[in-house]
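*Asks:* Can you keep this structure in mind? I'll have questions shortly.
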Amino acid sequence: METTGLDGYRDRIIEIFMLSLSKRGEVEEYGTLINPERPLPEKITEITGLRDSDLAHAPAEREVAAEIREFVGHATPVAHNLSFDLRFLNSMFKRNNLLELVSGGIDTLSISRALFPKLCIYPQGGGSHRLSNLMYHFGLQDSYANSHRAKDDVMLLVEVFRCLQDYASGKSGISFPEAAIQGCPACGSAMYVEYQDGQTILSCKKQPSCAAKLVV
Ligand SMILES: [Zn+2]
């Protein structure tokens with residue numbers, strides 16, 4: 001989802017996209033823009049590319065909250081930083097007298113932190129456990145544009161979730177250099193990935209105070 005800000009209670013959802021995958025393999029999707037009935041902060045337009053004019057004719061949350069609640073139903077939610085999404089959803093449900101979701105579900109951010117305690121930071125990854133960084137980590141960048149719009153993020157999330165599961169179960173056969181997932185061998189900080197002359201170099205995030213550099 002995209003939102004007007006980070007506060008799950010004061011801010012509002014402006015775009016939501018959900019994909020429902022059943023055990024039998026059926027796929028359903030639901031997506032809508034939502035008019036927050038307030039001006040968008042400039043920063044949000046910068047990040048999402050959405051402008052006030054894009055949302056002016058979108059339904060208000062009171063018009064879509066019930067169908068969003070119905071779509072979620074009793075499914076197990078999966079999201080990257082699930083508690084963020086749950087806060088926004090539940091405050092919207094509450095404002096509209098709908099049943100809130102119980103906390104629980106699958107948080108790919110927690111899984112990533114557990115599997116890769118000090119995940120290295122790729123040049124355009126945006127930060128260690130960001131979904132976009134995981135996209136580079138699993139080499140998905142050619143198939144998944146990192147446009148920061150709700151639908152693209154969900155498509156990427158499904159693929160990252162699959163990669164995390166395969167990695168955790170040992171099915172993927174991928175292995176990563178120790179320092180890329182456990183951090184700097186000298187100080188334990190995450191490392192930056194750089195590409196130089198066809199080589200992949202990991203350098204410590206704490207540089208210059210830590211000068212650790214590895215060619216992997
Ligand atoms: Zn270091």
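In the structure tokens, chains take letters A, B, ... by order of appearance, with residues numbered from 1 within each chain and ligands from 1 in the order shown.
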When DSSP works through the backbone of this structure, what residues of segment 3-183 of chain A end up as alpha helix (DSSP H), shown as a count of residues only?

*Replies:* 77

*Asks:* For segment 184-199 of chain A, list every protein, DNA or RNA residue within 8 Å, evaluated using only C-alpha atoms, and leave out those in the same chain fewer than 3 positions away; present the list as a compact mmCIF listing (two decimals) with C-alpha atoms, in the first residue's frame.

*Replies:*
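Okay, this is what ended up in selection_18.txt:
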```
# COMPACT_ATOMS: atom_id res chain seq x y z
CA LYS A 118 23.36 -8.03 8.65
CA LEU A 119 22.29 -8.02 5.05
CA CYS A 120 24.64 -6.10 2.78
CA ILE A 121 23.32 -2.98 1.08
CA TYR A 122 23.20 -2.95 -2.71
CA PRO A 123 23.90 0.28 -4.65
CA SER A 128 19.50 -3.33 4.44
CA ALA A 179 30.06 -11.13 5.15
CA ALA A 180 27.14 -10.32 2.81
CA ILE A 181 24.61 -11.71 5.26
CA LEU A 202 32.06 -5.45 0.19
CA SER A 203 33.12 -2.50 2.27
CA CYS A 204 32.13 -1.83 5.85
CA LYS A 205 29.31 0.61 6.51
CA LYS A 206 31.37 2.02 9.39
CA CYS A 210 36.49 0.44 10.06
CA ALA A 212 37.37 -3.74 6.25
CA VAL A 215 36.45 -8.98 -2.70
CA VAL A 216 33.79 -11.67 -2.95
```

*Asks:* Could you name the residues that touch Ile16 of chain A at 7 Å or less, counting only C-alpha atoms, but leaving out those on the same chain fewer than 2 positions away, as a list in words?

*Replies:* Met1, Glu2, Ile14, Met18, Gly31, Thr32, Leu33 and Ala150 of chain A

*Asks:* Filtering to C-alpha atoms, could you give me those residues as a PDB file, in the first residue's frame?

*Replies:*
```
ATOM      1  CA  MET A   1       0.000   0.000   0.000  1.00  0.00           C
ATOM      2  CA  GLU A   2       0.934   3.635  -0.336  1.00  0.00           C
ATOM      3  CA  ILE A  14      -3.917   6.343  -0.766  1.00  0.00           C
ATOM      4  CA  MET A  18      -3.794  -7.061  -2.591  1.00  0.00           C
ATOM      5  CA  GLY A  31      -6.637  -2.730  -5.963  1.00  0.00           C
ATOM      6  CA  THR A  32      -7.827   0.839  -5.747  1.00  0.00           C
ATOM      7  CA  LEU A  33      -6.633   4.353  -5.274  1.00  0.00           C
ATOM      8  CA  ALA A 150       1.338  -0.667  -4.697  1.00  0.00           C
TER       9      ALA A 150
END
```

*Asks:* Would you please extract all strand (DSSP E or B) residues from segment 7-180 of chain A, as assigned by DSSP on the backbone, and give them as a list in words?

*Replies:*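 Strand (DSSP E or B) members of segment 7-180 of chain A, listed: Ile13, Ile14, Glu15, Ile16, Phe17, Met18, Leu19, Ser20, Leu21, Val27, Glu28, Glu29, Tyr30, Gly31, Thr32, Leu33, Asn35, Ala60, Val78, Ala79, Ile106, Asp107 and Ile121 of chain A.
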
*Asks:* Find, counting only C-alpha atoms, the residue in A:Arg69, A:Arg51, A:Arg149, A:Arg162 that gets nearest to Thr108 of chain A.

*Replies:*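 Among the listed residues, the smallest separation from Thr108 of chain A belongs to A:Arg162.
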
*Asks:* Take atom CA of Leu140 of chain A and atom CA of Leu115 of chain A and report the distance between them in Å, one decimal.

*Replies:*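 Between atom CA of Leu140 of chain A and atom CA of Leu115 of chain A the gap works out to 18.0 Å.
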
*Asks:* With only C-alpha atoms as the basis for distance, which of A:Gly5, A:Val64, A:Ala75, A:Phe84 is at the shortest distance from Leu21 of chain A?

*Replies:* A:Ala75

*Asks:* When you draw a straight line from atom CA of Leu134 of chain A to atom CA of Ser112 of chain A, how long is it in Å?

*Replies:*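 It comes out at 8.3 Å.
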
*Asks:* Atom CA of Ser143 of chain A and atom CA of Val158 of chain A are how many Å apart?

*Replies:*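 Between atom CA of Ser143 of chain A and atom CA of Val158 of chain A the gap works out to 12.7 Å.
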
*Asks:* Name the closest residue to Gly49 of chain A among the candidates A:Glu37, A:Glu28, A:Asp85, A:Glu15; distances are taken between atoms, counting only C-alpha atoms.

*Replies:*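 Closest residue, counting only C-alpha atoms: A:Glu15.
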